[in-house]
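Structure record follows, encoded as structure tokens.
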Amino acid sequence: MDERILKYLKKELSLEEKKQLLEEVREDDKLKFELQQYCQIDNLYDLHPLLKNIQEGAKQYHIFESQKLHVSKRTTFFSLRAIMAVSAVSLLLIAGTWWLTYSTLVLHEQTRQEIYVPPGQRAQVTLSDGTTVWLNANTRLVYPTAFDGERRVELSGEGYFDVKSDPKNPFIVVGNQVNVTALGTSFNVCDYIDKSEASVFLVEGKVQVVAPQADTDEATLSPDQQLSLVNGKIRLLNNSDKSALLWRQGLYSFTDEPLESIADKLALYFDVRIIIEDEMLAQKRFTGKFRTNDGVMEILRMMRRATPFSIVRNKEHTEIILSLKRVNK
């Protein structure tokens, strides 16, 4: 092990020494790999305060690397090395939530990273500029490891952004149907692919929203305003209900919403097909607040207390049928 790596981790290198090490890392793939690996070990050490030295941390790292984390019915395996090319990463699975904390290596390379949050999970990510992003289930975020000027990320799904202020470099979220530009603010973007609707909710600050395919292609939002885009039509809503943002705390909230709309969201969140056989049931409106950990079947059972309907799930757990007719038989 290069002794400078240990000093780098312990923050004992001078500015000039650090600069020299990182310049060598750019040219030496073996040294880059070694630095990446020990940054990961150091991050693992932080998760295990009882470890006394980096050698013991290395042992635990190899154990950690060999473990496979099972997520939902479709098995997805996360490897530290596969997720991060030049960053150290910690993964914690807590109460059904992926919390990803990044300690980014200062290599100033425009390497693009991609995070996909599986159905039934959530993620929290801190970008290199200090911006914090919360990602909802079935969401994909693409971003550079280090921003150079304009800060641009790509989102497919739902994300809440707490943007670090930088007036000279706007923060741009590129979605499937809407693009949002901010300087320093907090806002929520819901823009899933293959969906005819999208929304932007501004919590504080100011954002500019561009929707190229809409009837009005640009709008500026003030705090507590929501832009709703449905089938190419834009609506601005004032003093919008913030309960829709509770997904960050692991809560799904619906207020006077038709079942077909709720089912559409549950299908996205839990990766399951939900079929409603009766139009009357599809238009029935519900108000409620549910925990992510309850799971889709328990959420539907609790909703059934308000309006009786049958719930039938197939053996593969990939499809759920809701019906009034079967209740009346």
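Scheme for the structure tokens: letters A, B, ... for chains in order shown; per-chain residue numbers from 1; ligand numbers from 1 in order shown.
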As a PyMOL selection string, please: the residues near Asn238 of chain A (cut-off 7 Å, only C-alpha atoms, same-chain neighbours under 2 positions excluded).
chain A and resi 224-226+236+240
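You will find atom CA of Ser156 of chain A at 8.9 Å from atom CA of Val142 of chain A.
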Could you pull out the residues in segment 74-321 of chain A that DSSP calls alpha helix (DSSP H) from the backbone, as a PyMOL selection string?
chain A and resi 80-83+259-270+279-283+295-304
Filtering to N, CA and C atoms, could you give me those residues as an mmCIF file, in the first residue's frame?
```cif
data_model
loop_
_atom_site.group_PDB
_atom_site.id
_atom_site.type_symbol
_atom_site.label_atom_id
_atom_site.label_comp_id
_atom_site.auth_asym_id
_atom_site.auth_seq_id
_atom_site.Cartn_x
_atom_site.Cartn_y
_atom_site.Cartn_z
ATOM 1 N N LEU A 80 -20.114 -2.316 -4.279
ATOM 2 C CA LEU A 80 -19.554 -0.980 -4.088
ATOM 3 C C LEU A 80 -18.784 -0.537 -5.316
ATOM 4 N N ARG A 81 -17.981 -1.461 -5.875
ATOM 5 C CA ARG A 81 -17.140 -1.090 -6.998
ATOM 6 C C ARG A 81 -17.980 -0.819 -8.242
ATOM 7 N N ALA A 82 -19.104 -1.540 -8.386
ATOM 8 C CA ALA A 82 -19.946 -1.366 -9.556
ATOM 9 C C ALA A 82 -20.702 -0.051 -9.495
ATOM 10 N N ILE A 83 -21.104 0.363 -8.300
ATOM 11 C CA ILE A 83 -21.894 1.587 -8.173
ATOM 12 C C ILE A 83 -21.030 2.818 -8.356
ATOM 13 N N LEU A 259 -59.391 5.844 -6.988
ATOM 14 C CA LEU A 259 -58.633 4.611 -6.801
ATOM 15 C C LEU A 259 -57.734 4.310 -7.995
ATOM 16 N N GLU A 260 -58.187 4.613 -9.208
ATOM 17 C CA GLU A 260 -57.358 4.310 -10.377
ATOM 18 C C GLU A 260 -56.044 5.089 -10.342
ATOM 19 N N SER A 261 -56.081 6.325 -9.814
ATOM 20 C CA SER A 261 -54.866 7.122 -9.686
ATOM 21 C C SER A 261 -53.959 6.559 -8.584
ATOM 22 N N ILE A 262 -54.566 6.163 -7.468
ATOM 23 C CA ILE A 262 -53.793 5.572 -6.364
ATOM 24 C C ILE A 262 -53.161 4.262 -6.817
ATOM 25 N N ALA A 263 -53.934 3.441 -7.521
ATOM 26 C CA ALA A 263 -53.435 2.146 -7.998
ATOM 27 C C ALA A 263 -52.269 2.328 -8.958
ATOM 28 N N ASP A 264 -52.348 3.373 -9.772
ATOM 29 C CA ASP A 264 -51.266 3.656 -10.724
ATOM 30 C C ASP A 264 -49.960 3.945 -9.986
ATOM 31 N N LYS A 265 -50.057 4.715 -8.892
ATOM 32 C CA LYS A 265 -48.861 5.029 -8.096
ATOM 33 C C LYS A 265 -48.342 3.800 -7.351
ATOM 34 N N LEU A 266 -49.266 3.026 -6.771
ATOM 35 C CA LEU A 266 -48.843 1.820 -6.057
ATOM 36 C C LEU A 266 -48.157 0.829 -7.007
ATOM 37 N N ALA A 267 -48.643 0.765 -8.236
ATOM 38 C CA ALA A 267 -48.024 -0.119 -9.228
ATOM 39 C C ALA A 267 -46.582 0.293 -9.494
ATOM 40 N N LEU A 268 -46.353 1.615 -9.556
ATOM 41 C CA LEU A 268 -44.989 2.122 -9.758
ATOM 42 C C LEU A 268 -44.111 1.853 -8.538
ATOM 43 N N TYR A 269 -44.655 2.139 -7.357
ATOM 44 C CA TYR A 269 -43.868 2.047 -6.135
ATOM 45 C C TYR A 269 -43.484 0.604 -5.802
ATOM 46 N N PHE A 270 -44.386 -0.348 -6.118
ATOM 47 C CA PHE A 270 -44.160 -1.726 -5.684
ATOM 48 C C PHE A 270 -43.959 -2.703 -6.845
ATOM 49 N N GLU A 279 -65.574 0.190 -13.299
ATOM 50 C CA GLU A 279 -65.370 1.621 -13.476
ATOM 51 C C GLU A 279 -65.832 2.393 -12.245
ATOM 52 N N MET A 280 -66.911 1.934 -11.612
ATOM 53 C CA MET A 280 -67.399 2.604 -10.410
ATOM 54 C C MET A 280 -66.347 2.563 -9.306
ATOM 55 N N LEU A 281 -65.695 1.412 -9.165
ATOM 56 C CA LEU A 281 -64.637 1.274 -8.158
ATOM 57 C C LEU A 281 -63.431 2.117 -8.537
ATOM 58 N N ALA A 282 -63.095 2.157 -9.822
ATOM 59 C CA ALA A 282 -61.932 2.921 -10.284
ATOM 60 C C ALA A 282 -62.074 4.403 -9.955
ATOM 61 N N GLN A 283 -63.314 4.919 -9.980
ATOM 62 C CA GLN A 283 -63.547 6.344 -9.732
ATOM 63 C C GLN A 283 -63.840 6.651 -8.266
ATOM 64 N N GLY A 295 -46.525 -2.262 2.711
ATOM 65 C CA GLY A 295 -46.618 -3.093 1.512
ATOM 66 C C GLY A 295 -47.939 -2.873 0.794
ATOM 67 N N VAL A 296 -47.974 -3.222 -0.477
ATOM 68 C CA VAL A 296 -49.129 -2.921 -1.311
ATOM 69 C C VAL A 296 -50.379 -3.661 -0.858
ATOM 70 N N MET A 297 -50.271 -4.923 -0.440
ATOM 71 C CA MET A 297 -51.454 -5.689 -0.040
ATOM 72 C C MET A 297 -52.085 -5.112 1.227
ATOM 73 N N GLU A 298 -51.271 -4.741 2.198
ATOM 74 C CA GLU A 298 -51.794 -4.191 3.444
ATOM 75 C C GLU A 298 -52.433 -2.828 3.203
ATOM 76 N N ILE A 299 -51.846 -2.029 2.311
ATOM 77 C CA ILE A 299 -52.429 -0.723 1.980
ATOM 78 C C ILE A 299 -53.815 -0.912 1.369
ATOM 79 N N LEU A 300 -53.940 -1.861 0.438
ATOM 80 C CA LEU A 300 -55.237 -2.113 -0.201
ATOM 81 C C LEU A 300 -56.251 -2.655 0.806
ATOM 82 N N ARG A 301 -55.803 -3.497 1.727
ATOM 83 C CA ARG A 301 -56.721 -4.041 2.743
ATOM 84 C C ARG A 301 -57.255 -2.926 3.642
ATOM 85 N N MET A 302 -56.394 -1.967 3.992
ATOM 86 C CA MET A 302 -56.854 -0.861 4.834
ATOM 87 C C MET A 302 -57.830 0.028 4.077
ATOM 88 N N MET A 303 -57.600 0.221 2.778
ATOM 89 C CA MET A 303 -58.526 1.016 1.974
ATOM 90 C C MET A 303 -59.865 0.306 1.840
ATOM 91 N N ARG A 304 -59.844 -1.019 1.830
ATOM 92 C CA ARG A 304 -61.067 -1.806 1.681
ATOM 93 C C ARG A 304 -62.022 -1.615 2.865
#
```
Segment 154-221 of chain A near segment 120-126 of chain A within 10 Å: what's each residue's closest atom pair and its distance in Å to one decimal, counting only C-alpha atoms, ordered by chain then ascending residue number, as a tab-separated table?
```
residue	atom	partner	partner_atom	distance
A:Gly159	CA	A:Ala123	CA	9.4
A:Tyr160	CA	A:Gln124	CA	9.4
A:Phe161	CA	A:Val125	CA	9.7
A:Asp162	CA	A:Thr126	CA	9.6
```
Those residues with C-alpha atoms, as a CSV table (one decimal), in the first residue's frame please?
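The file below, selection-v3.csv, is the result:
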```csv
chain,number,residue,atom,x,y,z
A,159,GLY,CA,-37.1,13.2,-6.6
A,160,TYR,CA,-37.0,16.0,-3.9
A,161,PHE,CA,-34.1,18.4,-4.4
A,162,ASP,CA,-32.6,20.6,-1.7
```
Which neighbours of Ser243 of chain A fall inside 10 Å, counting only C-alpha atoms, when residues of the same chain fewer than 6 positions from it are skipped, and could you give them as a list of chain:residue names?
A:Leu251, A:Tyr252, A:Ser253, A:Phe254, A:Thr255, A:Lys289
Give the strand (DSSP E) residues of segment 114-241 of chain A, as DSSP finds them on the backbone, and put them as a VMD selection string.
chain A and resid 114 to 117 123 to 126 132 to 135 139 to 144 151 to 162 171 to 174 179 to 182 186 to 191 197 to 204 207 to 210 218 to 221 226 to 230 233 to 237
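Remark: for Asn293 of chain A, the closest of the candidate residues A:Val210, A:Pro119, A:Lys242, A:Leu183 is A:Pro119 (distances computed over only C-alpha atoms).
The space separating atom CA of Leu237 of chain A from atom CA of Val203 of chain A comes to 12.9 Å.
What separates atom CA of Gln177 of chain A from atom CA of Ile320 of chain A is a distance of 28.9 Å.
Look at Asp191 of chain A: the protein and nucleic acid residues within 8 Å of it, using only C-alpha atoms and passing over chain neighbours fewer than 4 places away, are A:Leu155, A:Ser156, A:Gly157, A:Glu158, A:Gly175, A:Asn176, A:Gln177, A:Val178, A:Lys195, A:Glu197, A:Ala198, A:Ser199.
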Once you have the residues from the selection above, write them out as a compact mmCIF listing (two decimals), in the first residue's frame, restricted to C-alpha atoms.
```
# COMPACT_ATOMS: atom_id res chain seq x y z
CA LEU A 155 -34.29 12.30 -13.49
CA SER A 156 -36.78 9.62 -14.44
CA GLY A 157 -39.22 9.11 -11.57
CA GLU A 158 -39.70 11.24 -8.47
CA GLY A 175 -36.97 15.03 -16.78
CA ASN A 176 -39.00 13.10 -19.31
CA GLN A 177 -41.57 15.88 -19.81
CA VAL A 178 -40.32 18.84 -17.74
CA LYS A 195 -46.72 8.51 -17.96
CA GLU A 197 -48.60 13.44 -16.32
CA ALA A 198 -45.80 15.16 -14.43
CA SER A 199 -45.59 17.70 -11.62
```
